[in-house]
file coords_36.txt (compact mmCIF, C-alpha atoms)
# COMPACT_ATOMS: atom_id res chain seq x y z
CA MET A 1 10.57 -14.81 31.35
CA ALA A 2 8.25 -15.65 34.22
CA GLU A 3 7.72 -19.41 34.11
CA ASN A 4 3.93 -19.15 34.17
CA TYR A 5 3.79 -17.55 30.71
CA ASP A 6 3.61 -19.65 27.55
CA TYR A 7 5.57 -17.08 25.51
CA GLU A 8 7.81 -14.11 26.07
CA VAL A 9 6.28 -12.31 23.08
CA LEU A 10 2.95 -13.20 21.49
CA TYR A 11 1.83 -11.60 18.23
CA ILE A 12 -1.81 -11.38 17.15
CA GLY A 13 -1.75 -11.41 13.35
CA ALA A 14 0.93 -12.62 10.94
CA GLY A 15 1.36 -9.79 8.44
CA HIS A 16 4.37 -7.54 7.84
CA GLY A 17 3.83 -5.95 11.25
CA THR A 18 4.71 -9.36 12.69
CA PHE A 19 6.79 -11.68 10.52
CA ASP A 20 9.53 -9.24 9.50
CA GLY A 21 10.53 -8.86 13.16
CA ALA A 22 9.19 -12.04 14.77
CA ALA A 23 11.51 -14.37 12.86
CA PRO A 24 14.76 -12.58 13.82
CA LEU A 25 13.44 -12.12 17.37
CA ALA A 26 12.80 -15.85 17.72
CA ALA A 27 16.25 -16.52 16.29
CA THR A 28 17.79 -14.65 19.25
CA GLY A 29 16.28 -17.23 21.59
CA VAL A 30 13.19 -15.27 22.66
CA LYS A 31 10.16 -17.57 22.90
CA VAL A 32 7.75 -16.22 20.26
CA GLY A 33 4.17 -17.20 19.50
CA ILE A 34 2.01 -15.99 16.60
CA ILE A 35 -1.78 -16.33 16.43
CA GLU A 36 -3.27 -16.11 12.94
CA SER A 37 -6.72 -17.10 11.70
CA GLY A 38 -5.96 -16.75 7.99
CA LEU A 39 -3.00 -17.04 5.67
CA ILE A 40 0.46 -16.42 7.09
CA GLY A 41 1.71 -13.14 5.66
CA GLY A 42 -1.53 -11.22 6.04
CA THR A 43 -2.88 -8.81 3.46
CA CYS A 44 0.16 -7.62 1.52
CA PRO A 45 1.58 -10.94 0.24
CA ASN A 46 -1.74 -12.76 -0.13
CA ARG A 47 -4.35 -10.25 -1.26
CA GLY A 48 -2.57 -6.94 -1.62
CA CYS A 49 0.83 -5.75 -2.83
CA ASN A 50 2.24 -8.97 -4.30
CA ALA A 51 -0.99 -9.92 -6.07
CA LYS A 52 -1.49 -6.39 -7.36
CA ILE A 53 1.96 -5.98 -8.85
CA SER A 54 1.64 -9.35 -10.59
CA LEU A 55 -1.68 -8.33 -12.15
CA ASP A 56 -0.22 -4.99 -13.20
CA GLU A 57 2.77 -6.38 -15.12
CA PRO A 58 0.80 -7.01 -18.35
CA VAL A 59 -0.60 -3.47 -18.12
CA LYS A 60 2.95 -2.12 -18.33
CA MET A 61 3.68 -4.34 -21.33
CA VAL A 62 0.51 -3.34 -23.18
CA ARG A 63 1.27 0.33 -22.59
CA GLU A 64 4.88 -0.03 -23.77
CA ARG A 65 3.82 -1.92 -26.89
CA GLU A 66 1.35 0.87 -27.60
CA ARG A 67 4.05 3.55 -27.30
CA LEU A 68 6.70 1.76 -29.33
CA GLY A 69 4.40 1.51 -32.35
CA ASP A 70 6.10 0.21 -35.48
CA VAL A 71 9.32 -0.54 -33.59
CA LEU A 72 7.59 -3.84 -32.78
CA ASP A 73 5.52 -6.03 -35.09
CA GLY A 74 2.24 -7.56 -34.00
CA ASP A 75 -0.33 -6.58 -31.42
CA ILE A 76 -0.63 -7.76 -27.84
CA SER A 77 -3.56 -7.65 -25.48
CA MET A 78 -4.13 -8.78 -21.92
CA ASN A 79 -5.72 -12.14 -21.21
CA TRP A 80 -7.24 -11.29 -17.84
CA THR A 81 -8.19 -14.88 -17.01
CA GLN A 82 -4.65 -16.11 -17.50
CA ASN A 83 -3.33 -13.04 -15.72
CA VAL A 84 -5.26 -14.07 -12.61
CA VAL A 85 -4.01 -17.65 -12.94
CA HIS A 86 -0.43 -16.37 -13.11
CA LYS A 87 -1.04 -14.11 -10.11
CA GLN A 88 -2.19 -17.07 -8.08
CA GLU A 89 0.88 -19.09 -9.08
CA ILE A 90 3.03 -16.25 -7.77
CA ILE A 91 1.34 -15.83 -4.40
CA ASP A 92 0.22 -19.37 -3.55
CA VAL A 93 3.70 -20.35 -2.37
CA ILE A 94 4.18 -17.36 -0.08
CA PRO A 95 2.38 -18.52 3.11
CA ALA A 96 4.31 -21.80 3.23
CA GLY A 97 7.59 -19.97 2.73
CA LEU A 98 6.84 -17.51 5.51
CA THR A 99 5.66 -20.31 7.78
CA ALA A 100 8.94 -22.15 7.26
CA LYS A 101 10.92 -18.94 7.91
CA LEU A 102 9.12 -18.35 11.21
CA GLU A 103 9.18 -21.93 12.42
CA ASN A 104 12.81 -22.47 11.41
CA ALA A 105 13.68 -19.42 13.51
CA GLY A 106 11.93 -20.98 16.49
CA ALA A 107 8.55 -19.23 16.47
CA THR A 108 5.33 -21.16 17.12
CA ILE A 109 2.29 -20.52 14.91
CA ILE A 110 -1.15 -20.97 16.46
CA LYS A 111 -4.13 -21.09 14.10
CA GLY A 112 -7.32 -19.37 15.22
CA TYR A 113 -8.88 -16.08 16.33
CA ALA A 114 -7.46 -14.28 19.35
CA LYS A 115 -9.37 -12.34 21.98
CA PHE A 116 -7.98 -10.75 25.14
CA LYS A 117 -9.08 -12.25 28.43
CA ASP A 118 -6.69 -10.16 30.52
CA GLN A 119 -3.50 -8.23 29.83
CA HIS A 120 -1.37 -11.38 29.70
CA THR A 121 -3.92 -13.88 28.37
CA VAL A 122 -5.73 -14.31 25.07
CA LEU A 123 -8.27 -16.96 24.20
CA VAL A 124 -7.85 -18.71 20.86
CA ASP A 125 -11.25 -19.35 19.26
CA ASP A 126 -12.82 -18.39 22.62
CA THR A 127 -11.60 -21.59 24.27
CA LYS A 128 -7.83 -22.12 24.43
CA PRO A 129 -5.95 -19.73 26.76
CA VAL A 130 -2.48 -18.60 25.68
CA THR A 131 -0.35 -16.43 27.96
CA ALA A 132 2.56 -14.11 27.28
CA GLU A 133 4.76 -11.60 29.01
CA LYS A 134 4.34 -9.15 26.12
CA ILE A 135 1.62 -9.11 23.46
CA VAL A 136 1.72 -7.31 20.09
CA ILE A 137 -1.49 -6.37 18.27
CA SER A 138 -0.77 -6.61 14.55
CA THR A 139 -4.16 -7.24 13.00
CA GLY A 140 -3.91 -4.78 10.10
CA LEU A 141 -6.73 -3.22 8.11
CA ARG A 142 -9.76 -4.49 6.23
CA PRO A 143 -11.82 -2.92 3.41
CA HIS A 144 -14.29 -0.23 4.43
CA ARG A 145 -17.85 -0.79 3.27
CA LEU A 146 -20.29 1.99 2.50
CA ASP A 147 -23.16 2.20 4.97
CA ILE A 148 -25.91 2.46 2.38
CA PRO A 149 -28.80 0.30 1.16
CA GLY A 150 -27.49 -2.53 -1.00
CA THR A 151 -23.91 -2.30 0.23
CA GLU A 152 -23.70 -6.12 0.15
CA LEU A 153 -23.92 -5.95 -3.66
CA ALA A 154 -20.50 -4.31 -3.90
CA HIS A 155 -17.17 -6.13 -3.88
CA ASP A 156 -13.78 -5.44 -2.32
CA SER A 157 -10.22 -5.42 -3.65
CA GLU A 158 -9.67 -9.12 -3.00
CA ASP A 159 -12.78 -9.95 -5.03
CA PHE A 160 -11.44 -7.85 -7.91
CA MET A 161 -8.07 -9.59 -7.93
CA ASN A 162 -9.83 -12.97 -8.02
CA LEU A 163 -12.15 -12.14 -10.93
CA GLN A 164 -11.93 -15.02 -13.39
CA THR A 165 -13.45 -12.89 -16.16
CA MET A 166 -13.29 -9.11 -16.35
CA PRO A 167 -16.84 -7.68 -16.49
CA LYS A 168 -17.76 -5.60 -19.52
CA ASN A 169 -18.62 -2.67 -17.27
CA VAL A 170 -17.00 -1.92 -13.90
CA MET A 171 -17.92 0.87 -11.50
CA ILE A 172 -15.34 1.86 -8.88
CA ILE A 173 -16.42 3.80 -5.81
CA GLY A 174 -13.39 5.74 -4.57
CA SER A 175 -10.31 7.30 -6.16
CA GLY A 176 -7.48 6.50 -3.76
CA TYR A 177 -4.67 3.99 -4.31
CA ILE A 178 -6.94 0.98 -4.83
CA GLY A 179 -9.53 2.78 -6.92
CA MET A 180 -7.03 4.25 -9.35
CA GLU A 181 -4.80 1.20 -9.64
CA PHE A 182 -7.74 -1.10 -10.33
CA ALA A 183 -9.31 1.40 -12.72
CA THR A 184 -6.04 1.25 -14.68
CA MET A 185 -6.08 -2.57 -14.73
CA ALA A 186 -9.76 -2.93 -15.63
CA ASN A 187 -9.43 -0.41 -18.43
CA ALA A 188 -6.34 -2.17 -19.82
CA ALA A 189 -8.25 -5.47 -19.68
CA GLY A 190 -10.98 -4.01 -21.90
CA SER A 191 -13.64 -3.06 -19.36
CA GLU A 192 -15.67 0.14 -19.52
CA VAL A 193 -14.75 1.85 -16.24
CA THR A 194 -16.49 4.56 -14.26
CA VAL A 195 -14.83 6.03 -11.16
CA MET A 196 -17.11 7.69 -8.59
CA LEU A 197 -15.28 10.32 -6.53
CA HIS A 198 -16.12 11.27 -2.95
CA SER A 199 -14.94 14.84 -3.67
CA ASP A 200 -13.50 16.60 -6.69
CA LYS A 201 -9.95 15.30 -6.22
CA VAL A 202 -8.25 12.04 -7.14
CA LEU A 203 -5.32 10.70 -5.08
CA ARG A 204 -5.45 13.64 -2.70
CA LYS A 205 -2.12 12.80 -1.03
CA PHE A 206 -0.18 13.09 -4.28
CA TYR A 207 0.96 16.16 -6.24
CA GLN A 208 -2.18 17.18 -8.08
CA PRO A 209 -0.69 18.39 -11.39
CA PHE A 210 0.88 14.93 -11.80
CA VAL A 211 -2.36 13.25 -10.73
CA GLN A 212 -4.25 15.23 -13.35
CA GLN A 213 -1.97 13.87 -16.05
CA VAL A 214 -2.86 10.32 -14.99
CA VAL A 215 -6.57 11.20 -14.93
CA ASP A 216 -6.41 12.87 -18.34
CA ASP A 217 -4.68 9.84 -19.84
CA LEU A 218 -7.31 7.49 -18.40
CA LYS A 219 -10.08 9.73 -19.74
CA LYS A 220 -8.53 9.49 -23.22
CA ARG A 221 -8.70 5.72 -22.80
CA GLY A 222 -12.40 5.87 -22.01
CA VAL A 223 -12.48 5.92 -18.21
CA LYS A 224 -15.26 8.16 -16.86
CA PHE A 225 -14.97 10.15 -13.64
CA VAL A 226 -17.93 11.44 -11.62
CA GLU A 227 -17.01 14.09 -9.05
CA ASN A 228 -18.79 14.52 -5.71
CA ALA A 229 -20.79 11.38 -6.44
CA ASP A 230 -22.43 11.11 -3.00
CA ILE A 231 -23.45 7.47 -3.44
CA LYS A 232 -26.95 6.78 -2.09
CA SER A 233 -27.64 3.09 -2.75
CA PHE A 234 -26.99 -0.02 -4.83
CA SER A 235 -29.70 -2.29 -6.22
CA GLU A 236 -29.90 -5.26 -8.59
CA GLU A 237 -32.35 -6.19 -11.31
CA ASN A 238 -31.98 -8.88 -13.99
CA GLY A 239 -28.25 -9.29 -13.33
CA LYS A 240 -27.46 -5.59 -13.68
CA PHE A 241 -26.63 -3.24 -10.84
CA ASP A 242 -28.06 0.23 -10.41
CA VAL A 243 -26.07 2.89 -8.56
CA THR A 244 -28.04 5.84 -7.21
CA TYR A 245 -25.95 8.95 -6.61
CA GLN A 246 -26.16 12.71 -6.09
CA GLN A 247 -29.74 13.97 -6.49
CA ASN A 248 -31.43 10.69 -7.46
CA GLN A 249 -29.28 10.11 -10.53
CA HIS A 250 -28.69 6.56 -11.73
CA LEU A 251 -25.99 4.59 -13.51
CA SER A 252 -26.07 0.93 -14.51
CA THR A 253 -23.08 -1.42 -14.28
CA ASP A 254 -22.12 -5.10 -14.34
CA TRP A 255 -19.90 -5.02 -11.26
CA ILE A 256 -19.24 -2.65 -8.34
CA LEU A 257 -15.94 -2.22 -6.49
CA ASP A 258 -16.16 -0.47 -3.12
CA ALA A 259 -12.73 1.16 -2.86
CA THR A 260 -13.66 3.70 -0.20
CA GLY A 261 -10.68 2.96 2.02
CA ARG A 262 -9.54 0.57 4.70
CA ILE A 263 -10.24 0.52 8.44
CA PRO A 264 -8.33 -0.99 11.39
CA ASN A 265 -9.19 -4.43 12.72
CA VAL A 266 -9.83 -3.48 16.34
CA GLU A 267 -13.21 -5.13 16.90
CA ASN A 268 -13.72 -8.53 18.51
CA LEU A 269 -10.22 -8.52 20.01
CA GLY A 270 -11.42 -7.92 23.55
CA LEU A 271 -9.48 -4.65 23.80
CA GLU A 272 -12.19 -3.35 26.11
CA ASN A 273 -11.51 -6.29 28.44
CA VAL A 274 -8.02 -4.97 29.16
CA GLY A 275 -8.60 -1.25 28.62
CA VAL A 276 -6.41 -0.79 25.53
CA LYS A 277 -7.27 2.57 24.01
CA PHE A 278 -8.19 2.82 20.34
CA ASP A 279 -10.28 4.97 18.03
CA LYS A 280 -11.54 4.79 14.45
CA THR A 281 -8.00 5.27 13.14
CA GLY A 282 -6.53 2.38 15.13
CA VAL A 283 -4.78 1.36 18.33
CA ILE A 284 -3.20 4.28 20.16
CA VAL A 285 0.51 3.84 20.96
CA ASN A 286 3.39 5.91 22.30
CA ASP A 287 6.84 6.44 20.78
CA HIS A 288 7.82 2.89 21.78
CA LEU A 289 4.75 1.43 20.00
CA GLN A 290 3.40 0.68 23.47
CA THR A 291 -0.30 0.98 24.28
CA ASN A 292 -1.61 2.43 27.52
CA VAL A 293 -1.37 -1.12 28.94
CA GLU A 294 2.36 -1.46 29.61
CA ASN A 295 2.93 -5.01 28.31
CA ILE A 296 0.75 -4.63 25.19
CA TYR A 297 2.18 -3.16 21.99
CA ALA A 298 0.96 -2.68 18.42
CA SER A 299 2.60 -2.60 15.01
CA GLY A 300 1.65 -2.25 11.38
CA ASP A 301 -1.47 -0.79 9.81
CA VAL A 302 -3.64 -1.26 12.90
CA ILE A 303 -1.81 1.60 14.65
CA SER A 304 -3.29 5.09 14.91
CA SER A 305 -0.35 7.01 13.46
CA ASP A 306 0.61 9.93 11.27
CA GLN A 307 2.97 7.61 9.41
CA PRO A 308 1.61 6.25 6.11
CA LYS A 309 -0.11 2.88 6.50
CA LEU A 310 2.13 1.09 4.05
CA THR A 311 4.21 -2.09 4.00
CA PRO A 312 7.56 -0.25 4.52
CA THR A 313 6.13 1.32 7.68
CA ALA A 314 4.99 -2.03 9.06
CA PHE A 315 8.36 -3.58 8.19
CA PHE A 316 10.23 -0.88 10.10
CA GLU A 317 7.91 -1.05 13.11
CA SER A 318 8.24 -4.82 13.27
CA HIS A 319 12.04 -4.61 13.21
CA TYR A 320 12.00 -1.88 15.84
CA LEU A 321 9.98 -4.08 18.21
CA MET A 322 12.38 -6.95 17.56
CA LYS A 323 15.28 -4.79 18.73
CA LEU A 324 13.29 -3.49 21.69
CA PHE A 325 12.24 -6.95 22.87
CA ALA A 326 15.70 -8.44 22.26
CA GLY A 327 17.28 -5.74 24.43
CA GLN A 328 19.13 -4.19 21.51
CA THR A 329 17.60 -0.75 22.07
CA THR A 330 15.65 1.26 24.59
CA ASP A 331 15.28 4.30 22.31
CA SER A 332 11.95 5.50 20.99
CA ILE A 333 11.17 4.64 17.39
CA ASP A 334 12.78 6.99 14.88
CA PHE A 335 11.06 6.58 11.54
CA PRO A 336 13.07 6.86 8.34
CA VAL A 337 11.75 8.49 5.19
CA ILE A 338 8.82 6.33 4.08
CA GLN A 339 8.31 6.48 0.32
CA SER A 340 5.01 5.74 -1.40
CA VAL A 341 3.81 5.00 -4.91
CA VAL A 342 0.53 4.54 -6.73
CA PHE A 343 0.84 1.81 -9.37
CA THR A 344 -1.11 3.47 -12.14
CA SER A 345 0.35 3.72 -15.64
CA PRO A 346 2.38 5.86 -15.39
CA ARG A 347 3.20 5.60 -11.70
CA ILE A 348 3.46 8.49 -9.26
CA ALA A 349 6.04 8.01 -6.51
CA LYS A 350 7.26 10.30 -3.76
CA ALA A 351 9.60 10.41 -0.79
CA GLY A 352 10.48 13.04 1.77
CA MET A 353 9.12 16.56 1.79
CA SER A 354 6.16 17.26 -0.44
CA ILE A 355 6.34 19.85 -3.17
CA GLU A 356 3.69 21.91 -1.41
CA GLU A 357 5.62 21.99 1.88
CA GLY A 358 8.82 22.82 0.05
CA GLN A 359 7.11 25.76 -1.61
CA GLU A 360 5.77 26.98 1.74
CA LYS A 361 9.28 26.86 3.23
CA GLY A 362 10.76 28.72 0.28
CA TYR A 363 13.01 25.82 -0.67
CA THR A 364 14.34 25.34 -4.19
CA ILE A 365 12.02 23.29 -6.40
CA THR A 366 13.76 21.74 -9.41
CA ASP A 367 11.65 20.71 -12.41
CA ASN A 368 12.78 17.88 -14.66
CA ASP A 369 11.09 17.28 -18.01
CA LEU A 370 11.86 13.59 -18.23
CA ALA A 371 9.83 12.85 -21.36
CA ASN A 372 12.55 14.64 -23.32
CA TYR A 373 15.42 13.00 -21.42
CA TRP A 374 17.06 10.37 -23.62
CA TYR A 375 16.64 7.43 -21.23
CA TYR A 376 12.86 7.87 -21.08
CA GLN A 377 12.74 8.10 -24.88
CA ILE A 378 13.92 4.48 -25.15
CA ASP A 379 10.37 3.26 -24.57
CA LYS A 380 8.87 6.55 -25.79
CA GLU A 381 7.37 7.66 -22.50
CA GLN A 382 5.13 10.65 -23.14
CA ILE A 383 4.20 11.33 -19.51
CA ALA A 384 7.35 11.65 -17.42
CA ALA A 385 8.44 14.43 -15.08
CA SER A 386 9.86 14.96 -11.63
CA LYS A 387 10.12 17.68 -9.06
CA GLN A 388 12.89 17.75 -6.47
CA VAL A 389 12.99 19.79 -3.29
CA HIS A 390 16.35 21.10 -2.04
CA ASP A 391 16.77 22.93 1.27
CA ALA A 392 18.79 26.12 1.81
CA GLU A 393 22.01 24.08 2.18
CA GLY A 394 21.37 22.22 -1.06
CA HIS A 395 20.35 18.89 0.46
CA LEU A 396 17.80 16.86 -1.46
CA VAL A 397 14.88 16.66 0.98
CA GLY A 398 12.04 15.51 -1.26
CA VAL A 399 11.24 14.08 -4.66
CA THR A 400 8.05 13.34 -6.58
CA GLU A 401 8.06 11.68 -9.99
CA ILE A 402 5.51 10.63 -12.57
CA SER A 403 6.77 8.05 -15.04
CA ASP A 404 6.66 4.34 -15.78
CA GLN A 405 9.73 3.87 -13.57
CA ALA A 406 8.96 6.43 -10.87
CA GLU A 407 9.21 3.93 -8.02
CA ASN A 408 12.72 2.90 -9.09
CA THR A 409 13.90 6.50 -9.30
CA VAL A 410 12.55 7.31 -5.85
CA ASN A 411 14.13 4.16 -4.38
CA THR A 412 17.44 5.21 -5.90
CA LEU A 413 17.32 8.70 -4.40
CA LEU A 414 16.07 7.59 -0.98
CA PRO A 415 19.54 7.42 0.66
CA ALA A 416 20.24 11.04 -0.28
CA ILE A 417 17.05 12.17 1.44
CA GLU A 418 17.33 9.90 4.51
CA PHE A 419 20.99 10.68 5.23
CA LYS A 420 20.87 14.35 4.16
CA MET A 421 23.69 13.92 1.70
CA SER A 422 25.43 17.03 0.41
CA ARG A 423 25.68 17.79 -3.30
CA GLU A 424 29.34 16.76 -3.15
CA GLN A 425 28.40 13.38 -1.66
CA VAL A 426 25.64 12.88 -4.22
CA GLY A 427 28.12 13.76 -6.94
CA ARG A 428 30.27 10.81 -5.92
CA LEU A 429 27.43 8.35 -6.55
CA ILE A 430 27.84 7.41 -10.18
CA GLY A 431 25.37 4.69 -11.07
CA ILE A 432 25.77 1.98 -13.68
CA PHE A 433 25.33 3.46 -17.15
CA PRO A 434 22.92 3.30 -18.88
CA THR A 435 20.27 2.66 -16.21
CA ILE A 436 17.41 4.49 -14.55
CA GLY A 437 19.58 4.68 -11.42
CA TYR A 438 22.27 6.62 -13.27
CA ALA A 439 19.64 8.93 -14.70
CA ALA A 440 18.23 9.54 -11.23
CA TRP A 441 21.56 10.44 -9.60
CA HIS A 442 22.54 12.54 -12.62
CA ARG A 443 19.57 14.82 -11.92
CA ALA A 444 19.97 14.91 -8.12

call {"tool": "encode", "arguments": {"input": "coords_36.txt", "output": "structure tokens"}}
result
Amino acid sequence: MAENYDYEVLYIGAGHGTFDGAAPLAATGVKVGIIESGLIGGTCPNRGCNAKISLDEPVKMVRERERLGDVLDGDISMNWTQNVVHKQEIIDVIPAGLTAKLENAGATIIKGYAKFKDQHTVLVDDTKPVTAEKIVISTGLRPHRLDIPGTELAHDSEDFMNLQTMPKNVMIIGSGYIGMEFATMANAAGSEVTVMLHSDKVLRKFYQPFVQQVVDDLKKRGVKFVENADIKSFSEENGKFDVTYQQNQHLSTDWILDATGRIPNVENLGLENVGVKFDKTGVIVNDHLQTNVENIYASGDVISSDQPKLTPTAFFESHYLMKLFAGQTTDSIDFPVIQSVVFTSPRIAKAGMSIEEGQEKGYTITDNDLANYWYYQIDKEQIAASKQVHDAEGHLVGVTEISDQAENTVNTLLPAIEFKMSREQVGRLIGIFPTIGYAAWHRA
């Protein structure tokens, strides 16, 4: 490292795109600095994945109690207020733990906002210069806000997860991951939920026949869906909120969630000061996660990429940069199969080739009616199915499942897809019986 630099590698942001790789990088002896204005860990641990899965746990229990009927005595219902308290107990300890992990490895954490002054210098809070040989932009995403009159009356996902009391009536604008997961939670907590769709499709990136089963189940539970809503404005009167949509139609609600997506944090970083290229989808990088400025890199959700903007992607990118900066590789990044799941009840999870692409290629599509498979009858799952895609040589190349344990099944089958295991190799993987893992391999 040139002696005039404060750090060999400086990260802007402390989410998964940073900490998963920065700690092991610092442990190799590389001088690492991390600039973060908020909580260490970024979105996922503090106001995203970890919080969400904690809030969802009672939903699973309520649903299972409902299905088991007279197998169990007594009724249960969700106490949303205590659910939020429990969520906070789970996540409050995370930033300190991650801070200790980074600092114990030798990394230095600098609190404040970073802005580029030149390609090797950033200013912290516009005053303190910090220099580095290499700089990594890892600033993630933030909630998108509708550009309409009254947009300030709507709330974002973090607001929802911090609600002390669930409103009687909740309107959700958007039907992607966040919209559908929070519609599931709000409905289970007793709220009257309306979901306003941008188009006529829900969860467009997932297999639509499975998605429709989730939608139909939510409709039976009272959730309303408005297609092609074309939201015009929000307004407030006497503590109630009016949503104007389509051709001057109106709906009243107690609370509005804007779940219209997430956008990259590329503003106010001074990228224009150093000429780093970016667009509305994020920072543009090459196959080494390097921007057009040779010593500046990017990782995590802030990247403009065809890879899914998910925690596993950021984890892998962060580890790749660790190896690159530590001199352990010079190869371009080679992404593994990145699985994804929407945490509705039931879940929909997928990995590898989509069913639609498999059909286009003429591959074998295997249907599994899991609701009638004995393991799924233990908790009386009524909505459970999977589709597997096998190539011409019989390799499992894709799987999509709808069930209460879909994410566990997909995780189990991931090695077969990633390493292109033959049927003979798969046949040698005999999971613990009786478990969902055994059931998954038995069908592969």

call {"tool": "residues_around", "arguments": {"input": "coords_36.txt", "residues": "Thr165 in chain A", "least_positions_apart": "4", "cutoff": "10 Å", "atoms": "all atoms listed in the file", "output": "list in words"}}
result
Asn79, Trp80, Thr81, Gln82, Val84, Phe160 and Ala189 of chain A

call {"tool": "atom_distance", "arguments": {"input": "coords_36.txt", "atom1": "CA of Gly48 in chain A", "atom2": "CA of His86 in chain A"}}
result
15.0 Å

call {"tool": "residues_around", "arguments": {"input": "coords_36.txt", "residues": "Val62 in chain A", "least_positions_apart": "4", "cutoff": "7 Å", "atoms": "only C-alpha atoms", "output": "VMD selection string"}}
result
chain A and resid 58 66 76 to 77

call {"tool": "closest_atom_pairs", "arguments": {"input": "coords_36.txt", "of": "range 149-180 of chain A", "to": "range 248-267 of chain A", "cutoff": "7 Å", "atoms": "only C-alpha atoms", "output": "Markdown table"}}
result
| residue | atom | partner | partner_atom | distance |
| --- | --- | --- | --- | --- |
| A:Ala154 | CA | A:Ile256 | CA | 4.9 |
| A:His155 | CA | A:Leu257 | CA | 4.9 |
| A:Asp156 | CA | A:Asp258 | CA | 5.6 |
| A:Pro167 | CA | A:Asp254 | CA | 6.3 |
| A:Lys168 | CA | A:Asp254 | CA | 6.8 |
| A:Asn169 | CA | A:Asp254 | CA | 5.2 |
| A:Val170 | CA | A:Trp255 | CA | 5.0 |
| A:Met171 | CA | A:Ile256 | CA | 4.9 |
| A:Ile172 | CA | A:Leu257 | CA | 4.8 |
| A:Ile173 | CA | A:Asp258 | CA | 5.1 |
| A:Gly174 | CA | A:Thr260 | CA | 4.8 |
| A:Ile178 | CA | A:Ala259 | CA | 6.1 |
| A:Gly179 | CA | A:Ala259 | CA | 5.4 |

call {"tool": "write_last_selection", "arguments": {"input": "coords_36.txt", "atoms": "C-alpha atoms", "output": "mmCIF file, in the frame of the given file"}}
result
data_model
loop_
_atom_site.group_PDB
_atom_site.id
_atom_site.type_symbol
_atom_site.label_atom_id
_atom_site.label_comp_id
_atom_site.auth_asym_id
_atom_site.auth_seq_id
_atom_site.Cartn_x
_atom_site.Cartn_y
_atom_site.Cartn_z
ATOM 1 C CA ALA A 154 -20.500 -4.310 -3.900
ATOM 2 C CA HIS A 155 -17.170 -6.130 -3.880
ATOM 3 C CA ASP A 156 -13.780 -5.440 -2.320
ATOM 4 C CA PRO A 167 -16.840 -7.680 -16.490
ATOM 5 C CA LYS A 168 -17.760 -5.600 -19.520
ATOM 6 C CA ASN A 169 -18.620 -2.670 -17.270
ATOM 7 C CA VAL A 170 -17.000 -1.920 -13.900
ATOM 8 C CA MET A 171 -17.920 0.870 -11.500
ATOM 9 C CA ILE A 172 -15.340 1.860 -8.880
ATOM 10 C CA ILE A 173 -16.420 3.800 -5.810
ATOM 11 C CA GLY A 174 -13.390 5.740 -4.570
ATOM 12 C CA ILE A 178 -6.940 0.980 -4.830
ATOM 13 C CA GLY A 179 -9.530 2.780 -6.920
#

call {"tool": "residues_around", "arguments": {"input": "coords_36.txt", "residues": "range 352-363 of chain A", "least_positions_apart": "5", "cutoff": "7 Å", "atoms": "all atoms listed in the file", "output": "list of chain:residue names"}}
result
A:Val337, A:Val389, A:His390, A:Asp391, A:Ala392, A:Val397, A:Gly398, A:Val399, A:Ile417

call {"tool": "closest_residue", "arguments": {"input": "coords_36.txt", "among": "A:His144, A:Lys220, A:Lys60, A:Lys52", "to": "Lys280 in chain A", "atoms": "all atoms listed in the file"}}
result
A:His144

call {"tool": "atom_distance", "arguments": {"input": "coords_36.txt", "atom1": "CA of Val59 in chain A", "atom2": "CA of Asp217 in chain A"}}
result
14.0 Å

call {"tool": "residues_around", "arguments": {"input": "coords_36.txt", "residues": "Arg65 in chain A", "least_positions_apart": "4", "cutoff": "10 Å", "atoms": "only C-alpha atoms", "output": "PDB file with C-alpha atoms, in the coordinates of the input"}}
result
ATOM      1  CA  VAL A  59      -0.600  -3.470 -18.120  1.00  0.00           C
ATOM      2  CA  LYS A  60       2.950  -2.120 -18.330  1.00  0.00           C
ATOM      3  CA  MET A  61       3.680  -4.340 -21.330  1.00  0.00           C
ATOM      4  CA  GLY A  69       4.400   1.510 -32.350  1.00  0.00           C
ATOM      5  CA  ASP A  70       6.100   0.210 -35.480  1.00  0.00           C
ATOM      6  CA  VAL A  71       9.320  -0.540 -33.590  1.00  0.00           C
ATOM      7  CA  LEU A  72       7.590  -3.840 -32.780  1.00  0.00           C
ATOM      8  CA  ASP A  73       5.520  -6.030 -35.090  1.00  0.00           C
ATOM      9  CA  GLY A  74       2.240  -7.560 -34.000  1.00  0.00           C
ATOM     10  CA  ASP A  75      -0.330  -6.580 -31.420  1.00  0.00           C
ATOM     11  CA  ILE A  76      -0.630  -7.760 -27.840  1.00  0.00           C
ATOM     12  CA  SER A  77      -3.560  -7.650 -25.480  1.00  0.00           C
ATOM     13  CA  ASP A 379      10.370   3.260 -24.570  1.00  0.00           C
ATOM     14  CA  LYS A 380       8.870   6.550 -25.790  1.00  0.00           C
TER      15      LYS A 380
END

call {"tool": "atom_distance", "arguments": {"input": "coords_36.txt", "atom1": "CA of Leu55 in chain A", "atom2": "CA of Met161 in chain A"}}
result
7.8 Å

call {"tool": "closest_residue", "arguments": {"input": "coords_36.txt", "among": "A:Arg145, A:His442, A:Lys87, A:Lys387", "to": "Gln164 in chain A", "atoms": "all atoms listed in the file"}}
result
A:Lys87

call {"tool": "residues_around", "arguments": {"input": "coords_36.txt", "residues": "range 272-274 of chain A", "least_positions_apart": "3", "cutoff": "7 Å", "atoms": "only C-alpha atoms", "output": "PyMOL selection string"}}
result
chain A and resi 116-119

call {"tool": "residues_near_point", "arguments": {"input": "coords_36.txt", "point": "(8.4, -4.7, 13.4)", "cutoff": "7 Å", "atoms": "all atoms listed in the file", "output": "ChimeraX atom specification"}}
result
/A:17-18,20-21,299,314-322
